[in-house]
Amino acid sequence: MTCRLVPSLLRRNIHNICRQVRHLNINPKVGIIGVPSCKGQSRVGVEHGPKALREAGLITKLQEQGAIVQDYGDMNFTWFEDEAYQKVHNVKNIGTSTKRISEKVQEVMKDGNIAMTLGGDHSLSIGTIYGHAQMEPNTCLVWVDAHADINTPLTSPSGNIHGMALSFLVHELKDYMPKVPHFEWVKPCISAKSIAYIGLRDLDPGELWIVRNLGISCFTMHEVDRYGIDMVLRMSMKAINPYDDRPVHLSFDIDSLDPRSSPSTGTEVHGGLSLREGIFIAEEIASTGLLTAVDLVEVNPDIGTQADQDLTVFAGTEVIRACFGKKREGNIPPGYQMPMP
């Protein structure tokens, strides 16, 4: 063994020990932020996602499994008529709202909480990731989605900002980004090599060019089918967090799941993750003790039948619960005492 290898091995051992200690934390502190945003896409109803998740008993369920929950309520937005910039829709609405979201995430994290954002459409992640990066600049990102959401305003076929969220944030795309009004506040804050995609199956040509040319770790449903979700997640984390020492942001779009598990969402794509695979991703990332921000987005309780809506909300709540300590074998409630004869 050379002397050069010793510091590396020591560092890995220390990280493994720290991971085991973090895993013992069964009472995570969670700050809930409701973001009833809808302007990043065209389907009515996604703004009701936070309310639907709350009404499904999310907060009570988190508390029952041992999480310490601080509810910051739902943010209030005043929407107004908004002209497009070139072909990008709702730039003022989204630029101003995501700035506020960024500030709210920073407030929640300053209070010592993991920032749990309930969406709302995926454009809100411009604010959540930027806010997270201001608090923890070394953060890395796991983006679980059917879509890459990394079109630039010049490559987007639709002009909907929920499909451009990451392009505002990635350092390597700075030269490809026009100056969009009302987004002057947001600066690139994450490297392409710090992003891992899981579950992709519907990329636009510009997005595919970006992913390939920037070297973003990308595990489509083909890789999930080929290697299994455990190996895909291991490879993802190895790529973006090889020493297990960086804060993790999980941005989870409910349309990453197959429509059989989450039919009430605006841009469903068949052939997606099972709910079991989605829960596994959340469980494994949570077990690292490095998860410090989560987005759960694109639940639209106005789409489909009541059964569809209930199924989608259930899927969303189960993924969130897995992020904060729910065990599939069951949880011992806080304060439980074994009865004596």
# chains A, B, ... in the order shown; residues from 1 in each chain; ligands from 1
>>> residues_around(residues="segment 56-72 of chain A", least_positions_apart="3", cutoff="8 Å", atoms="only C-alpha atoms", output="list in words")
Ile26, Asn27, Pro28, Lys29, Val30, Gly31, Ile32, Ile33, Gly34, Ala52, Leu53, Val313, Phe314, Thr317, Arg321, Phe324, Gly325, Lys326, Asn331, Ile332, Pro333 and Pro334 of chain A
>>> residues_around(residues="Ser167 of chain A", least_positions_apart="3", cutoff="12 Å", atoms="only C-alpha atoms", output="PyMOL selection string")
chain A and resi 123+125-126+129-130+148-156+161-164+170-178+180+183+186-192+206-207+210-211+214
>>> atom_distance(atom1="atom CA of Val294 of chain A", atom2="atom CA of Ala115 of chain A")
6.2 Å
>>> closest_residue(among="A:Thr117, A:Ser236, A:Thr305, A:Ser194", to="Ser262 of chain A", atoms="only C-alpha atoms")
A:Thr305
>>> select_by_dssp(residues="segment 190-221 of chain A", states="alpha helix (DSSP H)", output="number ranges by chain")
A: 205-214, 221
>>> write_last_selection(atoms="C-alpha atoms", output="short mmCIF file (atom, residue, chain, number, x, y, z; two decimals), in the first residue's frame")
data_model
loop_
_atom_site.label_atom_id
_atom_site.label_comp_id
_atom_site.auth_asym_id
_atom_site.auth_seq_id
_atom_site.Cartn_x
_atom_site.Cartn_y
_atom_site.Cartn_z
CA PRO A 205 -33.54 16.87 -29.01
CA GLY A 206 -31.94 19.87 -27.30
CA GLU A 207 -32.11 18.14 -23.93
CA LEU A 208 -30.50 15.01 -25.31
CA TRP A 209 -27.67 17.11 -26.76
CA ILE A 210 -27.18 18.83 -23.40
CA VAL A 211 -27.17 15.60 -21.38
CA ARG A 212 -24.68 13.91 -23.72
CA ASN A 213 -22.35 16.84 -24.28
CA LEU A 214 -22.21 18.00 -20.66
CA MET A 221 -35.82 3.48 -17.96
#
>>> residues_around(residues="Val35 of chain A", least_positions_apart="3", cutoff="9 Å", atoms="only C-alpha atoms", output="list in words")
Glu47, Gly49, Pro50, Gly73, Asp74, Met75, Asn76, Phe77, Ile101, Thr117, Leu118, Gly119, Gly120, Asp121 and Leu124 of chain A
>>> closest_atom_pairs(of="segment 244-338 of chain A", to="segment 36-41 of chain A", cutoff="10 Å", atoms="only C-alpha atoms", output="JSON lines")
{"residue": "A:Gly266", "atom": "CA", "partner": "A:Gln41", "partner_atom": "CA", "distance": 8.5}
{"residue": "A:Thr267", "atom": "CA", "partner": "A:Gln41", "partner_atom": "CA", "distance": 9.6}
{"residue": "A:Val297", "atom": "CA", "partner": "A:Ser37", "partner_atom": "CA", "distance": 9.7}
{"residue": "A:Glu298", "atom": "CA", "partner": "A:Cys38", "partner_atom": "CA", "distance": 9.0}
{"residue": "A:Asn300", "atom": "CA", "partner": "A:Cys38", "partner_atom": "CA", "distance": 9.8}
>>> select_by_dssp(residues="segment 65-211 of chain A", states="strand (DSSP E)", output="MDAnalysis selection string")
chainID A and resid 68:74 114:119 140:144 195:200
>>> atom_distance(atom1="atom CA of Ser264 of chain A", atom2="atom CA of Arg43 of chain A")
11.1 Å
>>> atom_distance(atom1="atom CA of Asn160 of chain A", atom2="atom CA of Asn93 of chain A")
12.2 Å
>>> closest_residue(among="A:Cys323, A:Leu203, A:Leu141, A:Ile240", to="Gly289 of chain A", atoms="only C-alpha atoms")
A:Cys323
